[in-house]
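Trainee: Please find one structure pasted underneath; my questions will follow.
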Amino acid sequence: MATESQNSVSGGRSARGGAVRAPERTCAACRKVGPPESMVRWVRGEDGSVVPDLKGSGFGRGSWLHPRVQCLAKLVPALSRSFRAPVTTSPEAAVALLRSAGDKRVRDLLGAARRQRKLALGSAAVEDALGRGLAGLLVVAQDARAAAETPGVRRAVAEGLACAWGSKERLGRIVGRPEVGVVAILDDRLAAALFDAIALAHLQGPPPGAGRNPGRADVSTEVE
Ligand SMILES: [Zn+2]
């Protein structure tokens, strides 16, 4: 673990064999430092392909990247440098991996919220939760126009407190109903994690050619 791109003291060593984890990470592409929640950890397989590790805790050596177009476009040179070994996953494939990992994480988090009874289901329950200040985030099914038309939901959408994801049927299947148009997450930590996961599930791809023509800055820095 001492080899991770943590923003730790020089050399990245820890007297206790890597048990001390610095709270911040460095993006391998843009080199900016930030909290782990703002980045995605990537793990490289023996064949040179990389996969996202959204929980940030998987085995093996990891390297961190912002999940945004500018940084993902530099994924190949950035991660090859960081792992000191070639990386074969294209930026386009990486975006597809992030989208499906984000989608799975949305399902997991909604399932967790259901098990912890931190969900309000349907327009009436959601309006009630909003009225009592309990809703950390609303998830509105992408085919649920009617559910999004209640005053509280409209206000939440305007305030950026709502995300569109899935269909009524899909959302319903996760929360144990035939269909549900809108749910409220009644836990701030789950709401924040869900917000990030939905952003990943909807991530847009890098511009065409971004991965094939890395800028000079990507290849000229650092001789290690
Ligand atoms: Zn970055």
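The way I read the labels, and the way they are meant: chains A, B, ... in the order of the structure tokens, residue 1 as the first residue of every chain, and ligand 1 as the first ligand shown, with later ones counted on from there.
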Please identify every residue of chain A that has at least one atom no farther than 8 Å from an atom of ligand 1, counting only C-alpha atoms and all ligand atoms, and for each give the shortest atom pair and the distance in Å to one decimal, arranged by chain then increasing number, as CSV.

Mentor:
```
residue,atom,partner,partner_atom_place_in_ligand_line,distance
A:Thr26,CA,ligand 1,1 (Zn),7.9
A:Cys27,CA,ligand 1,1 (Zn),4.6
A:Ala28,CA,ligand 1,1 (Zn),6.6
A:Ala29,CA,ligand 1,1 (Zn),5.1
A:Cys30,CA,ligand 1,1 (Zn),4.1
A:Arg31,CA,ligand 1,1 (Zn),6.2
A:Lys32,CA,ligand 1,1 (Zn),6.0
A:Met39,CA,ligand 1,1 (Zn),7.8
A:Leu65,CA,ligand 1,1 (Zn),5.5
A:His66,CA,ligand 1,1 (Zn),4.4
A:Pro67,CA,ligand 1,1 (Zn),7.6
A:Arg68,CA,ligand 1,1 (Zn),7.4
A:Gln70,CA,ligand 1,1 (Zn),7.3
A:Cys71,CA,ligand 1,1 (Zn),4.7
A:Leu72,CA,ligand 1,1 (Zn),7.9
```

Trainee: Quick one: pick out all strand (DSSP E or B) residues within range 27-177 of chain A from a backbone DSSP run and write them as an mmCIF file with N, CA, C and O atoms, in the first residue's frame.

Mentor:
```cif
data_model
loop_
_atom_site.group_PDB
_atom_site.id
_atom_site.type_symbol
_atom_site.label_atom_id
_atom_site.label_comp_id
_atom_site.auth_asym_id
_atom_site.auth_seq_id
_atom_site.Cartn_x
_atom_site.Cartn_y
_atom_site.Cartn_z
ATOM 1 N N VAL A 33 -4.232 17.531 -5.914
ATOM 2 C CA VAL A 33 -4.437 16.759 -4.697
ATOM 3 C C VAL A 33 -5.865 16.996 -4.206
ATOM 4 O O VAL A 33 -6.388 18.099 -4.321
ATOM 5 N N GLY A 34 -6.507 15.950 -3.703
ATOM 6 C CA GLY A 34 -7.865 16.107 -3.191
ATOM 7 C C GLY A 34 -8.282 14.910 -2.372
ATOM 8 O O GLY A 34 -7.538 13.927 -2.262
ATOM 9 N N VAL A 40 -11.267 8.367 -8.451
ATOM 10 C CA VAL A 40 -11.536 6.929 -8.540
ATOM 11 C C VAL A 40 -10.202 6.189 -8.526
ATOM 12 O O VAL A 40 -9.243 6.597 -9.183
ATOM 13 N N ARG A 41 -10.173 5.116 -7.761
ATOM 14 C CA ARG A 41 -8.966 4.287 -7.688
ATOM 15 C C ARG A 41 -9.000 3.262 -8.821
ATOM 16 O O ARG A 41 -10.020 2.613 -9.057
ATOM 17 N N TRP A 42 -7.873 3.132 -9.532
ATOM 18 C CA TRP A 42 -7.748 2.162 -10.620
ATOM 19 C C TRP A 42 -6.721 1.116 -10.234
ATOM 20 O O TRP A 42 -5.690 1.434 -9.634
ATOM 21 N N VAL A 43 -7.017 -0.126 -10.600
ATOM 22 C CA VAL A 43 -6.117 -1.226 -10.310
ATOM 23 C C VAL A 43 -5.711 -1.866 -11.633
ATOM 24 O O VAL A 43 -6.557 -2.058 -12.511
ATOM 25 N N ARG A 44 -4.432 -2.171 -11.781
ATOM 26 C CA ARG A 44 -3.934 -2.747 -13.032
ATOM 27 C C ARG A 44 -3.812 -4.258 -12.903
ATOM 28 O O ARG A 44 -3.259 -4.768 -11.926
ATOM 29 N N VAL A 50 -6.831 -1.990 -16.920
ATOM 30 C CA VAL A 50 -7.118 -1.425 -15.602
ATOM 31 C C VAL A 50 -8.631 -1.452 -15.359
ATOM 32 O O VAL A 50 -9.416 -1.381 -16.300
ATOM 33 N N VAL A 51 -8.996 -1.586 -14.079
ATOM 34 C CA VAL A 51 -10.408 -1.555 -13.700
ATOM 35 C C VAL A 51 -10.597 -0.583 -12.534
ATOM 36 O O VAL A 51 -9.709 -0.446 -11.689
ATOM 37 N N PRO A 52 -11.754 0.089 -12.497
ATOM 38 C CA PRO A 52 -12.005 0.997 -11.381
ATOM 39 C C PRO A 52 -12.382 0.223 -10.128
ATOM 40 O O PRO A 52 -13.052 -0.801 -10.204
ATOM 41 N N ASP A 53 -11.925 0.722 -9.006
ATOM 42 C CA ASP A 53 -12.220 0.123 -7.704
ATOM 43 C C ASP A 53 -12.951 1.197 -6.905
ATOM 44 O O ASP A 53 -12.341 1.991 -6.205
ATOM 45 N N GLY A 62 -2.854 0.539 -6.393
ATOM 46 C CA GLY A 62 -3.841 1.392 -7.033
ATOM 47 C C GLY A 62 -3.271 2.740 -7.412
ATOM 48 O O GLY A 62 -2.239 3.155 -6.904
ATOM 49 N N SER A 63 -3.940 3.388 -8.338
ATOM 50 C CA SER A 63 -3.580 4.742 -8.715
ATOM 51 C C SER A 63 -4.879 5.519 -8.902
ATOM 52 O O SER A 63 -5.885 4.955 -9.328
ATOM 53 N N TRP A 64 -4.845 6.813 -8.578
ATOM 54 C CA TRP A 64 -6.090 7.588 -8.517
ATOM 55 C C TRP A 64 -6.208 8.582 -9.658
ATOM 56 O O TRP A 64 -5.219 9.184 -10.073
ATOM 57 N N LEU A 65 -7.442 8.744 -10.147
ATOM 58 C CA LEU A 65 -7.725 9.690 -11.230
ATOM 59 C C LEU A 65 -9.069 10.368 -10.959
ATOM 60 O O LEU A 65 -9.996 9.724 -10.477
ATOM 61 N N LEU A 119 -35.077 5.098 3.289
ATOM 62 C CA LEU A 119 -35.697 5.474 2.018
ATOM 63 C C LEU A 119 -37.132 5.918 2.244
ATOM 64 O O LEU A 119 -37.846 5.315 3.040
ATOM 65 N N ALA A 120 -37.549 6.966 1.546
ATOM 66 C CA ALA A 120 -38.971 7.294 1.443
ATOM 67 C C ALA A 120 -39.373 6.984 0.012
ATOM 68 O O ALA A 120 -38.701 7.409 -0.930
ATOM 69 N N LEU A 121 -40.452 6.207 -0.177
ATOM 70 C CA LEU A 121 -40.832 5.708 -1.499
ATOM 71 C C LEU A 121 -42.097 6.380 -2.009
ATOM 72 O O LEU A 121 -43.118 6.383 -1.310
ATOM 73 N N LEU A 137 -31.198 13.430 -0.558
ATOM 74 C CA LEU A 137 -31.143 13.393 -2.020
ATOM 75 C C LEU A 137 -32.400 12.701 -2.530
ATOM 76 O O LEU A 137 -32.904 11.786 -1.888
ATOM 77 N N LEU A 138 -32.920 13.167 -3.680
ATOM 78 C CA LEU A 138 -34.015 12.455 -4.334
ATOM 79 C C LEU A 138 -33.457 11.755 -5.569
ATOM 80 O O LEU A 138 -32.624 12.305 -6.273
ATOM 81 N N VAL A 139 -33.942 10.551 -5.820
ATOM 82 C CA VAL A 139 -33.656 9.871 -7.080
ATOM 83 C C VAL A 139 -34.981 9.756 -7.823
ATOM 84 O O VAL A 139 -35.934 9.167 -7.316
ATOM 85 N N VAL A 140 -35.026 10.366 -9.010
ATOM 86 C CA VAL A 140 -36.254 10.384 -9.805
ATOM 87 C C VAL A 140 -36.040 9.482 -11.025
ATOM 88 O O VAL A 140 -35.064 9.648 -11.757
ATOM 89 N N ALA A 162 -31.761 16.645 -6.508
ATOM 90 C CA ALA A 162 -32.389 15.479 -7.133
ATOM 91 C C ALA A 162 -31.552 15.003 -8.311
ATOM 92 O O ALA A 162 -30.950 15.797 -9.019
ATOM 93 N N CYS A 163 -31.509 13.687 -8.497
ATOM 94 C CA CYS A 163 -30.808 13.091 -9.633
ATOM 95 C C CYS A 163 -31.777 12.197 -10.387
ATOM 96 O O CYS A 163 -32.604 11.536 -9.769
ATOM 97 N N ALA A 164 -31.661 12.179 -11.699
ATOM 98 C CA ALA A 164 -32.441 11.243 -12.498
ATOM 99 C C ALA A 164 -31.627 9.978 -12.693
ATOM 100 O O ALA A 164 -30.427 10.039 -12.976
#
```

Trainee: What parts of range 2-212 of chain A does DSSP call alpha helix (DSSP H)? I'd like the answer as a ChimeraX atom specification.

Mentor: /A:69-72,75-83,91-115,122-131,151-158,168-175,188-201

Trainee: Using only C-alpha atoms, which residue out of A:Ala85, A:Val69, A:Leu98, A:Ala147 lies closest to Asp196 in chain A?

Mentor: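 Of the candidates, the smallest distance to Asp196 in chain A is held by A:Leu98.
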
Trainee: Work out how far apart CA of Ala96 in chain A and CA of Gly172 in chain A are and give it in Å to one decimal.

Mentor: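 Computing the Euclidean distance for CA of Ala96 in chain A and CA of Gly172 in chain A yields 24.8 Å.
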
Trainee: Tell me, in Å to one decimal, how far CA of Arg117 in chain A is from CA of Ala158 in chain A.

Mentor: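 So the two atoms, CA of Arg117 in chain A and CA of Ala158 in chain A, lie 26.3 Å apart.
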
Trainee: Would you mind listing what lies within 8 Å of range 109-116 of chain A as a PyMOL selection string, with only C-alpha atoms counted and same-chain residues fewer than 6 positions away left out?

Mentor: chain A and resi 174-175+185+187+190+193-194

Trainee: Would you mind reading off the distance between CA of Leu203 in chain A and CA of Leu75 in chain A, one decimal, in Å?

Mentor: 15.1 Å

Trainee: From the set A:Gly58, A:Pro151, A:Gly45, A:Pro178, which residue has the shortest atom-to-atom contact distance to Glu127 in chain A, counting only C-alpha atoms?

Mentor: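 Distance minimum relative to Glu127 in chain A lands on A:Pro151.
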